[in-house]
Each structure stands twice: as C-alpha cells, then as structure tokens.
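Asks: This is the structure I have questions about; it appears just below.
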Amino acid sequence: MRAHCELTGHPEPEVFHMNEGHAGFLGLERVREYMKSGALTFDQALEATRAGTVFTTHTPVSAGIDRFPRELVERHFAKESPVEGLPLDRVLQLGVEDYAGGDPAVFNMAVMGMRLAQRVNGVSSLHGAVSRGMFQGLWPGFDTAEVPITSVTNGVHARTWVAEEAQDLAQRIVPDSAEFTRPEGWRKITGASEAELWEMRRILRERLVITARARLRDSWRQRGASEAELGWIDDVLDADVLTVGFARRVPSYKRLTLMLRDRARLKAMLTDPERPLQIVIAGKAHPADEGGKRLIQEIVRFTDDPEVRHRIVFLPDYDMALARSLVQGCDVWLNNPLRPLEACGTSGMKSALNGGLNLSIRDGWWEEWFDGSNGWAIPTAEEVGDPDRRDALEATALHDMFEEQVIPLFYDQDERGLPKRWLEMVKHTLVSLGPKVLATRMVQDYVARLYQGAADSSRLLTGDGMAGARELTAWKQRVRRSWNDVRIEHVEVGGVEDPPQVGGELEVLATVSLGDLDPKDVCVHAAVGRVAPSEHLVDPAFVGLVAVGGAGSDGAPARYSGTIPLERAGSCGYTVRVMPKHPLLADPAEMGLLALPDPPGGMGDGVVLR
Ligand SMILES: *Cc1c(COP(=O)(O)O)cnc(C)c1O
C-alpha cells in the first residue's frame, strides 16, 4: 500500500526529479527522513533515496555548474545550523570532486545530484553524450559511451506557446486534438491550404510588428527620448518582410553578436530594396554578467543607426510574454551557439509549432531533429581551434545561408503572393517536428526511460520494512570490499572456424578469480573491435559470457565462455571485463567498478580476418 499524505490525501510521491544541482539538497533531506523513519544507516538511507531519484543535468558549460567552497557547506550543515542526523563528512563526500582534474576544495552540486540519484540524464541526445564525457570521472575505468547518463530531449507546452490563430487553424483541419499526440495526426496538417496558412503567418507577423514598435517606444522613452523624437518608430518593421527572430539570454556561448561580424553585408541585406530582411532581437543579461551586457550594448549601437533602425530592433527585458510574440511572429528562428554548448534549446521548438522555420547551428535538439528539409543547418567550423577564426567562418556561413537560401525562398512568391516552396517547408516542419517537440512526448519519455524504473526500484528498496535498501547496501559493501581480489586470470580465444573468418564466430573462454564473491555477483563480458593506435578498442561489440564451471566453495577461479560474431574484415582485438551484477542495480556501471585483464586494456594478440 502506498502511503498517503495526511493533509492532502494524495499518494506520497515515489519518484523525485531533481532538475540541476540547485534542487540537490532535497536528496539530503530525504536521506535524513529515511534514517529517522526507517531506522536506517546513512548508507542504507542513501540507497533508498537514490532508487527513487532522477537527476537531470542541464548544461555542458562548466561555469554553469553550481560549485561552492567546501567550507560553505561545512558552515551550513555543521557549524551554524547543524542538520541533526546527517554526518557532515558523508554530506561533504557527496559533493567532492575526488577524480582526476577535480578540485578537492569545492563542493559540486551536480556531482552530488549524480551521487544522490540512481538515474541521470541530459536534455538532448548530443548533450547526453557531452555529459558522459564531462562526468566520466565519477565512473572511472568506463569508456565514455558507457557512463550511465542517458538523455531525454526537452519539449515545449503547446498551449502556452502556440498562437490562438494557429491552434484554431489546426483544429479546423484536425478537430480531435488527441490526434496531435501521434505523427499521423500531424500529417493531416498538410491538408491546410497555402492561402490560409500564409494568412495565419501574416497575422502573427503583423502582431509582432505592433508589439515590437510599442516595446521599442517604451525603451526609447526610458532612455530619455521625447515623443517628438520618436515618430520614426511608426515605420519600424513591416508586416510583409521576411522576419528573423533571435531571442536569448546572453551567455557568451550563444554569440548574440555573431551576425555583426560582417556589418556591411548584414546592412546590405537589411536595406535591400526588393527583398529585405528584418531582424527582431531580444535579450537579457544576468546582472553580474559584464560580458553579456557588453554584447547587448554592441547590438544596441548597431540598431540605433538611422540607416537600419527600421529593419533591426533590439527589445530589452526578454521574458515569456515577449518570447511568445517573437516565436509566434517570426518566419525564421535563428540560433548560432558555439557547438556543443547548447544543452537543448527550446525557443526554436516554440517557433516551429507556430510555423516558423529554424536556421540553426546543429547543436542541442537541432542536431537530433534537423532532417535536411525542415529548416536549415548553419555549417560549423568546430575543427578550427582559433575561436576568432571559427566565429568568422561561421558568421560567413550564416550570411551565405541568408543570401543563398532563406531570402530567395521567402520571396519566391506566385501571382497571389504565396511563397509555395516556403509553405511546403513550413508544412514539413510541422509534420516532422510537431510530434517530437511537444512536452507530452518529453513526459512520456521520462516515464518510460526513467520514472517507471525509479518507481519500481523505489518500491523494491523501501517496501517490506526497507528490506531491499538493507540488502542492496550490504551487498554493495561486500562487493567493494572484495573487488580488489577480482582478477581475470586467463583469456583464450579460438575461431569456431580455424582460421577465424568474417561472418564466423570467435569463441572466448575466460578464467576469473572472484575472491569472496560468488559467480552470481558479477557479469563477465567479452568485447571485440578494431584496435586504435592507442591500443583501445574502437566501437567494441560486447557479448555476455556465461559461467561454465569452477568457483566452487574451494575458491577455485570461475570459468566463463561465449561466442562473438565476427562482422568486420581486418585486424581486430578482444578483451574481457568483469562488473558487479545485482537485480537492484540500474546499470552495470552504476558502482564504477570494473575489472580488466592485467595489463589494463589487455588486448588479445589480435585476430586478422579476411
Ligand atoms: C523558451 C525560453 C527560453 C529558452 O530558450 P533557448 O532556446 O534555450 O534560448 C529562455 N527564456 C525565455 C523567456 C523563453 O521563453
């Protein structure tokens, strides 16, 4: 039976989702509560807490990770306001950077989050991969690809972000809104007529023009301008001109001013008499971020120029209301972060749902869902080491995209003023991205990949008087104590065919000393792959080996065997590894324990396949 809250009658939550380190201390409070109510040790309470906790890391920018002086945590947990029942040394251990490259004087909130949670994720597929590299030190010995950090790509809430006109249009074509939970429902959007789609886009663009003028007037008044000086604002922006939006908080990786690298070229596009571009920029710098404030000043100076001020505006105080009019009214949503520093990015998703087209560096979500024709990818120059040169190359690429692709497509309009190919792209954007960018999809992913597993684990650990938490803790302690004695004594391989052939199989026999552990406490894998010059296996294929004898009570080594399919021609190497195994572990890498042959890497002699 699940416990219910005495006050509200709601079931007590089973899964706690900590978004970024700021939420991390909730895990400590839960440890404290479990210790008290369940009469558990710190370690047992930690296991119970971890089982029902999901931690999401939100930034690949290391400066964005909360790190405090260790001394601050000592002060708040012990000296000034001691938290009864939580041993200070254990609290400190949770946030310590005790890995290569770490700073022992620092308490790292993300690291604490990962130690308090059995399940961890990043917020896009690329960010998951970047996070696995960034936090690899917590799982020493494991290849980056095996670090147990998965990903769930963010999504956005349609009713919050989609303009009423767009929702109405969608409802006329697909009356049952439940259909929008499925790709087939979104496909029906192609049934919208070009004229009604274009009319809807024009209404939203016009509304943005009006909002932008009002905000611009406010901002000039605040700068001390009198009404008489502001007549020009009535002619700022045009409801029939291609409108690009760029709205950001302004940490440096977002590169607010990239478009200014070639001012003459930008100016030419803004003032083109036939096919002009107009740009609406909104931004907000953190009050302490002097660099960000400088970037905003640079933009503002450019937009003040009387020659371009009717085509490019900067709107201060970027907030949700302003974000709504921008993502609804812009034809193109521009994003040019320094790849791979954008964890996900969601403003482009909001734009896509309103029929905007994304023009973005392939970072965050765009790396995953750009399909070649649902918008544009700005080519990156990541391989260029010099940051200034990289900016210059990417800025040129951005301007090329505008001139060669975006502008011609928008102004390629038929006799009725309809840009047919543009509208095709809008429809393809809605069909291909609509089902993916919704928050409902994101929540389903969280349930399937993380919450369900966490709820199951939590029940197993906390049910039956916390028996599972006690059992898992005792088992982990035993495994940690004994792990130094786990040794791969011997590995033998042979082709099932002799000599081994592509398309055939390799037979592996491993002899493993387990010390005090039982064969059921470990899993043994064989890996085969190409051998890099560094002696590492590249993209190895893993196969589980099965125990075939030995390991009696006499302490004799255990023997494991299995066969690996040989798929690629050329030279390949193999190795064997041992990891802890228990039904209550969420991932074999969870404990960060791994035994490899000695010397480490322990490639076999290599097998050449023809
Ligand atoms: C959507 C939104 C964001 C996040 O957008 P990014 O794509 O991550 O830059 C930030 N601020 C506001 C006000 C938003 O609406």
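The chains in the structure tokens are called A, B, ... from first to last as shown; in each chain the residues are counted from 1, and the ligands are counted from 1 in the order shown.
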Which residues sit within 9 Å of ligand 1, counting only C-alpha atoms and all ligand atoms, listed as a CSV table (one decimal) with C-alpha atoms, in the first residue's frame?
Replies:
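Output (pocket32.csv):
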chain,number,residue,atom,x,y,z
A,156,VAL,CA,7.6,22.7,-25.0
A,161,TRP,CA,3.4,28.9,-26.9
A,246,PHE,CA,16.8,36.0,-32.2
A,247,ALA,CA,16.0,36.0,-28.6
A,248,ARG,CA,18.4,34.8,-25.9
A,249,ARG,CA,19.7,35.1,-22.5
A,250,VAL,CA,23.2,36.2,-23.4
A,254,LYS,CA,25.1,32.0,-27.5
A,283,GLY,CA,17.9,39.6,-24.8
A,284,LYS,CA,18.7,39.8,-21.2
A,318,TYR,CA,13.3,39.3,-22.7
A,319,ASP,CA,10.6,37.5,-20.8
A,320,MET,CA,7.9,34.9,-21.5
A,321,ALA,CA,5.4,37.5,-22.9
A,322,LEU,CA,8.0,38.8,-25.3
A,323,ALA,CA,9.1,35.3,-26.1
A,324,ARG,CA,5.5,34.4,-27.1
A,327,VAL,CA,8.2,32.8,-31.5
A,335,ASN,CA,20.3,30.2,-33.2
A,342,GLU,CA,23.7,24.5,-26.1
A,343,ALA,CA,22.3,21.7,-23.9
A,344,CYS,CA,19.0,21.6,-25.8
A,345,GLY,CA,17.4,25.0,-26.6
A,346,THR,CA,13.7,25.2,-26.7
A,347,SER,CA,12.8,28.5,-28.3
A,348,GLY,CA,13.2,27.0,-31.7
A,349,MET,CA,10.7,24.3,-30.9
A,350,LYS,CA,8.2,27.0,-29.9
Asks: Mind checking which residues fall within 8 Å of A:Tyr411, counting only C-alpha atoms, ignoring those fewer than 4 positions away in the same chain, and posting them as a list in words?
Replies: Arg275, Ile407 and Pro419 of chain A
Asks: Would you mind reading off the distance between atom CA of A:Asn121 and atom CA of A:Gly133, one decimal, in Å?
Replies: 12.8 Å
Asks: When you look at A:Thr303 with a cut-off of 6 Å (counting only C-alpha atoms), what residues show up, excluding the ones that are within fewer than 3 positions of it in the same chain? I need them as a PyMOL selection string.
Replies: chain A and resi 300+309+312-313
Asks: Please provide the set of residues having any atom within 6 Å of A:Glu12, restricted to only C-alpha atoms, with same-chain residues fewer than 2 positions apart removed, written as a ChimeraX atom specification.
Replies: /A:3-5
Asks: May I ask for the distance between atom CA of A:Ile173 and atom CA of A:Thr190, given in Å to one decimal place?
Replies: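 Straight-line distance from atom CA of A:Ile173 to atom CA of A:Thr190 works out to 9.1 Å.
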Asks: When you look at A:Val73 with a cut-off of 12 Å (counting only C-alpha atoms), what residues show up, excluding the ones that are within fewer than 4 positions of it in the same chain? I need them as an mmCIF file with all heavy atoms, in the first residue's frame.
Replies:
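Printed below is around-v3.cif as written:
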data_model
loop_
_atom_site.group_PDB
_atom_site.id
_atom_site.type_symbol
_atom_site.label_atom_id
_atom_site.label_comp_id
_atom_site.auth_asym_id
_atom_site.auth_seq_id
_atom_site.Cartn_x
_atom_site.Cartn_y
_atom_site.Cartn_z
ATOM 1 N N PHE A 25 19.715 19.550 -2.612
ATOM 2 C CA PHE A 25 19.604 19.310 -1.172
ATOM 3 C C PHE A 25 18.332 18.552 -0.799
ATOM 4 O O PHE A 25 18.230 18.033 0.301
ATOM 5 C CB PHE A 25 19.704 20.634 -0.400
ATOM 6 C CG PHE A 25 21.093 21.212 -0.408
ATOM 7 C CD1 PHE A 25 21.305 22.547 -0.737
ATOM 8 C CD2 PHE A 25 22.198 20.423 -0.104
ATOM 9 C CE1 PHE A 25 22.595 23.074 -0.755
ATOM 10 C CE2 PHE A 25 23.488 20.943 -0.116
ATOM 11 C CZ PHE A 25 23.693 22.271 -0.443
ATOM 12 N N ARG A 67 29.121 25.311 -8.105
ATOM 13 C CA ARG A 67 30.196 24.763 -7.261
ATOM 14 C C ARG A 67 30.455 25.759 -6.146
ATOM 15 O O ARG A 67 30.656 26.939 -6.408
ATOM 16 C CB ARG A 67 31.463 24.540 -8.081
ATOM 17 C CG ARG A 67 31.287 23.515 -9.190
ATOM 18 C CD ARG A 67 32.307 23.703 -10.292
ATOM 19 N NE ARG A 67 33.537 22.960 -10.023
ATOM 20 C CZ ARG A 67 34.737 23.504 -10.084
ATOM 21 N NH1 ARG A 67 34.876 24.776 -10.361
ATOM 22 N NH2 ARG A 67 35.805 22.775 -9.842
ATOM 23 N N PHE A 68 30.417 25.276 -4.914
ATOM 24 C CA PHE A 68 30.612 26.160 -3.758
ATOM 25 C C PHE A 68 31.872 25.764 -3.013
ATOM 26 O O PHE A 68 32.291 24.610 -3.067
ATOM 27 C CB PHE A 68 29.410 26.061 -2.828
ATOM 28 C CG PHE A 68 28.118 26.472 -3.456
ATOM 29 C CD1 PHE A 68 27.086 25.560 -3.649
ATOM 30 C CD2 PHE A 68 27.936 27.787 -3.890
ATOM 31 C CE1 PHE A 68 25.894 25.945 -4.246
ATOM 32 C CE2 PHE A 68 26.753 28.171 -4.485
ATOM 33 C CZ PHE A 68 25.726 27.253 -4.677
ATOM 34 N N PRO A 69 32.435 26.737 -2.255
ATOM 35 C CA PRO A 69 33.551 26.344 -1.390
ATOM 36 C C PRO A 69 33.046 25.305 -0.392
ATOM 37 O O PRO A 69 31.953 25.440 0.165
ATOM 38 C CB PRO A 69 33.923 27.645 -0.674
ATOM 39 C CG PRO A 69 33.290 28.743 -1.450
ATOM 40 C CD PRO A 69 32.113 28.155 -2.149
ATOM 41 N N PHE A 77 25.940 23.033 7.286
ATOM 42 C CA PHE A 77 25.474 21.721 7.748
ATOM 43 C C PHE A 77 25.986 21.365 9.138
ATOM 44 O O PHE A 77 25.469 20.457 9.768
ATOM 45 C CB PHE A 77 25.851 20.634 6.742
ATOM 46 C CG PHE A 77 24.869 20.536 5.621
ATOM 47 C CD1 PHE A 77 24.963 21.382 4.532
ATOM 48 C CD2 PHE A 77 23.810 19.632 5.678
ATOM 49 C CE1 PHE A 77 24.029 21.327 3.504
ATOM 50 C CE2 PHE A 77 22.883 19.566 4.651
ATOM 51 C CZ PHE A 77 22.988 20.432 3.553
ATOM 52 N N ALA A 78 27.006 22.071 9.612
ATOM 53 C CA ALA A 78 27.537 21.678 10.911
ATOM 54 C C ALA A 78 27.635 22.842 11.880
ATOM 55 O O ALA A 78 27.112 22.796 12.983
ATOM 56 C CB ALA A 78 28.902 21.023 10.733
ATOM 57 N N LYS A 79 28.258 23.933 11.441
ATOM 58 C CA LYS A 79 28.591 24.955 12.422
ATOM 59 C C LYS A 79 27.387 25.811 12.809
ATOM 60 O O LYS A 79 26.970 25.838 13.958
ATOM 61 C CB LYS A 79 29.721 25.833 11.879
ATOM 62 C CG LYS A 79 31.000 25.027 11.701
ATOM 63 C CD LYS A 79 32.190 25.904 11.390
ATOM 64 C CE LYS A 79 33.409 25.043 11.074
ATOM 65 N NZ LYS A 79 34.097 25.510 9.881
ATOM 66 N N GLU A 80 26.792 26.489 11.805
ATOM 67 C CA GLU A 80 25.766 27.462 12.163
ATOM 68 C C GLU A 80 24.398 26.857 12.361
ATOM 69 O O GLU A 80 23.641 27.271 13.221
ATOM 70 C CB GLU A 80 25.713 28.568 11.098
ATOM 71 C CG GLU A 80 26.917 29.462 11.197
ATOM 72 C CD GLU A 80 26.925 30.558 10.153
ATOM 73 O OE1 GLU A 80 25.917 30.711 9.428
ATOM 74 O OE2 GLU A 80 27.959 31.249 10.065
ATOM 75 N N SER A 81 24.057 25.895 11.495
ATOM 76 C CA SER A 81 22.712 25.317 11.614
ATOM 77 C C SER A 81 22.806 23.815 11.392
ATOM 78 O O SER A 81 22.401 23.327 10.350
ATOM 79 C CB SER A 81 21.797 25.955 10.579
ATOM 80 O OG SER A 81 22.465 26.003 9.327
ATOM 81 N N PRO A 82 23.389 23.096 12.343
ATOM 82 C CA PRO A 82 23.617 21.673 12.138
ATOM 83 C C PRO A 82 22.308 20.953 11.805
ATOM 84 O O PRO A 82 21.269 21.250 12.369
ATOM 85 C CB PRO A 82 24.195 21.197 13.468
ATOM 86 C CG PRO A 82 23.941 22.289 14.441
ATOM 87 C CD PRO A 82 23.774 23.545 13.682
ATOM 88 N N VAL A 83 22.389 20.056 10.816
ATOM 89 C CA VAL A 83 21.222 19.260 10.466
ATOM 90 C C VAL A 83 21.339 17.954 11.244
ATOM 91 O O VAL A 83 22.249 17.164 10.994
ATOM 92 C CB VAL A 83 21.180 18.993 8.956
ATOM 93 C CG1 VAL A 83 19.955 18.180 8.595
ATOM 94 C CG2 VAL A 83 21.184 20.312 8.197
ATOM 95 N N LEU A 88 28.380 15.189 8.807
ATOM 96 C CA LEU A 88 28.986 16.172 7.913
ATOM 97 C C LEU A 88 29.945 15.535 6.906
ATOM 98 O O LEU A 88 29.937 15.877 5.724
ATOM 99 C CB LEU A 88 29.720 17.249 8.726
ATOM 100 C CG LEU A 88 30.445 18.295 7.877
ATOM 101 C CD1 LEU A 88 29.461 19.154 7.101
ATOM 102 C CD2 LEU A 88 31.359 19.159 8.724
ATOM 103 N N ASP A 89 30.755 14.597 7.392
ATOM 104 C CA ASP A 89 31.744 14.028 6.465
ATOM 105 C C ASP A 89 31.055 13.314 5.301
ATOM 106 O O ASP A 89 31.522 13.367 4.167
ATOM 107 C CB ASP A 89 32.720 13.093 7.200
ATOM 108 C CG ASP A 89 32.006 11.939 7.866
ATOM 109 O OD1 ASP A 89 30.861 12.136 8.357
ATOM 110 O OD2 ASP A 89 32.557 10.818 7.888
ATOM 111 N N ARG A 90 29.919 12.691 5.569
ATOM 112 C CA ARG A 90 29.206 11.999 4.492
ATOM 113 C C ARG A 90 28.578 12.998 3.518
ATOM 114 O O ARG A 90 28.550 12.787 2.308
ATOM 115 C CB ARG A 90 28.125 11.063 5.051
ATOM 116 C CG ARG A 90 28.655 9.980 6.003
ATOM 117 C CD ARG A 90 29.755 9.130 5.393
ATOM 118 N NE ARG A 90 29.414 8.571 4.091
ATOM 119 C CZ ARG A 90 28.768 7.423 3.926
ATOM 120 N NH1 ARG A 90 28.408 6.698 4.971
ATOM 121 N NH2 ARG A 90 28.488 6.974 2.731
ATOM 122 N N VAL A 91 28.060 14.084 4.062
ATOM 123 C CA VAL A 91 27.495 15.127 3.194
ATOM 124 C C VAL A 91 28.594 15.669 2.280
ATOM 125 O O VAL A 91 28.417 15.788 1.062
ATOM 126 C CB VAL A 91 26.880 16.265 4.037
ATOM 127 C CG1 VAL A 91 26.465 17.432 3.141
ATOM 128 C CG2 VAL A 91 25.682 15.753 4.829
ATOM 129 N N LEU A 92 29.745 15.966 2.868
ATOM 130 C CA LEU A 92 30.845 16.530 2.075
ATOM 131 C C LEU A 92 31.301 15.562 0.981
ATOM 132 O O LEU A 92 31.600 15.969 -0.134
ATOM 133 C CB LEU A 92 32.016 16.896 2.986
ATOM 134 C CG LEU A 92 31.773 18.118 3.877
ATOM 135 C CD1 LEU A 92 32.888 18.263 4.908
ATOM 136 C CD2 LEU A 92 31.650 19.394 3.044
ATOM 137 N N GLN A 93 31.323 14.280 1.331
ATOM 138 C CA GLN A 93 31.754 13.274 0.349
ATOM 139 C C GLN A 93 30.874 13.271 -0.903
ATOM 140 O O GLN A 93 31.338 12.979 -2.000
ATOM 141 C CB GLN A 93 31.630 11.878 0.958
ATOM 142 C CG GLN A 93 32.940 11.294 1.433
ATOM 143 C CD GLN A 93 32.689 9.984 2.178
ATOM 144 O OE1 GLN A 93 31.704 9.281 1.915
ATOM 145 N NE2 GLN A 93 33.561 9.693 3.108
ATOM 146 N N LEU A 94 29.583 13.585 -0.709
ATOM 147 C CA LEU A 94 28.669 13.526 -1.858
ATOM 148 C C LEU A 94 29.014 14.571 -2.922
ATOM 149 O O LEU A 94 28.775 14.362 -4.107
ATOM 150 C CB LEU A 94 27.223 13.735 -1.390
ATOM 151 C CG LEU A 94 26.611 12.578 -0.597
ATOM 152 C CD1 LEU A 94 25.272 12.991 -0.005
ATOM 153 C CD2 LEU A 94 26.429 11.355 -1.497
ATOM 154 N N GLY A 95 29.592 15.704 -2.499
ATOM 155 C CA GLY A 95 29.858 16.761 -3.481
ATOM 156 C C GLY A 95 31.322 16.920 -3.833
ATOM 157 O O GLY A 95 31.689 17.850 -4.547
ATOM 158 N N VAL A 96 32.159 15.990 -3.356
ATOM 159 C CA VAL A 96 33.591 16.183 -3.560
ATOM 160 C C VAL A 96 33.993 15.777 -4.983
ATOM 161 O O VAL A 96 33.478 14.814 -5.546
ATOM 162 C CB VAL A 96 34.411 15.406 -2.500
ATOM 163 C CG1 VAL A 96 34.308 13.898 -2.724
ATOM 164 C CG2 VAL A 96 35.868 15.838 -2.518
ATOM 165 N N ALA A 105 38.776 21.339 -3.048
ATOM 166 C CA ALA A 105 38.298 22.389 -2.145
ATOM 167 C C ALA A 105 36.864 22.798 -2.461
ATOM 168 O O ALA A 105 36.296 23.674 -1.824
ATOM 169 C CB ALA A 105 39.207 23.607 -2.248
ATOM 170 N N VAL A 106 36.278 22.111 -3.449
ATOM 171 C CA VAL A 106 34.996 22.559 -3.970
ATOM 172 C C VAL A 106 33.900 21.537 -3.671
ATOM 173 O O VAL A 106 34.155 20.336 -3.602
ATOM 174 C CB VAL A 106 35.166 22.774 -5.501
ATOM 175 C CG1 VAL A 106 33.915 22.427 -6.246
ATOM 176 C CG2 VAL A 106 35.613 24.184 -5.799
ATOM 177 N N PHE A 107 32.692 22.040 -3.442
ATOM 178 C CA PHE A 107 31.523 21.175 -3.303
ATOM 179 C C PHE A 107 30.692 21.359 -4.565
ATOM 180 O O PHE A 107 30.189 22.441 -4.856
ATOM 181 C CB PHE A 107 30.713 21.569 -2.066
ATOM 182 C CG PHE A 107 29.616 20.596 -1.744
ATOM 183 C CD1 PHE A 107 29.842 19.509 -0.905
ATOM 184 C CD2 PHE A 107 28.335 20.762 -2.278
ATOM 185 C CE1 PHE A 107 28.832 18.615 -0.607
ATOM 186 C CE2 PHE A 107 27.327 19.860 -1.984
ATOM 187 C CZ PHE A 107 27.565 18.786 -1.144
ATOM 188 N N ASN A 108 30.578 20.278 -5.352
ATOM 189 C CA ASN A 108 29.962 20.353 -6.670
ATOM 190 C C ASN A 108 28.523 19.824 -6.603
ATOM 191 O O ASN A 108 28.285 18.658 -6.312
ATOM 192 C CB ASN A 108 30.812 19.529 -7.644
ATOM 193 C CG ASN A 108 30.316 19.597 -9.063
ATOM 194 O OD1 ASN A 108 29.118 19.504 -9.312
ATOM 195 N ND2 ASN A 108 31.238 19.745 -10.008
ATOM 196 N N MET A 109 27.565 20.698 -6.869
ATOM 197 C CA MET A 109 26.153 20.334 -6.707
ATOM 198 C C MET A 109 25.698 19.293 -7.737
ATOM 199 O O MET A 109 24.853 18.453 -7.449
ATOM 200 C CB MET A 109 25.266 21.579 -6.819
ATOM 201 C CG MET A 109 25.466 22.607 -5.727
ATOM 202 S SD MET A 109 24.962 22.018 -4.087
ATOM 203 C CE MET A 109 23.176 22.039 -4.205
#
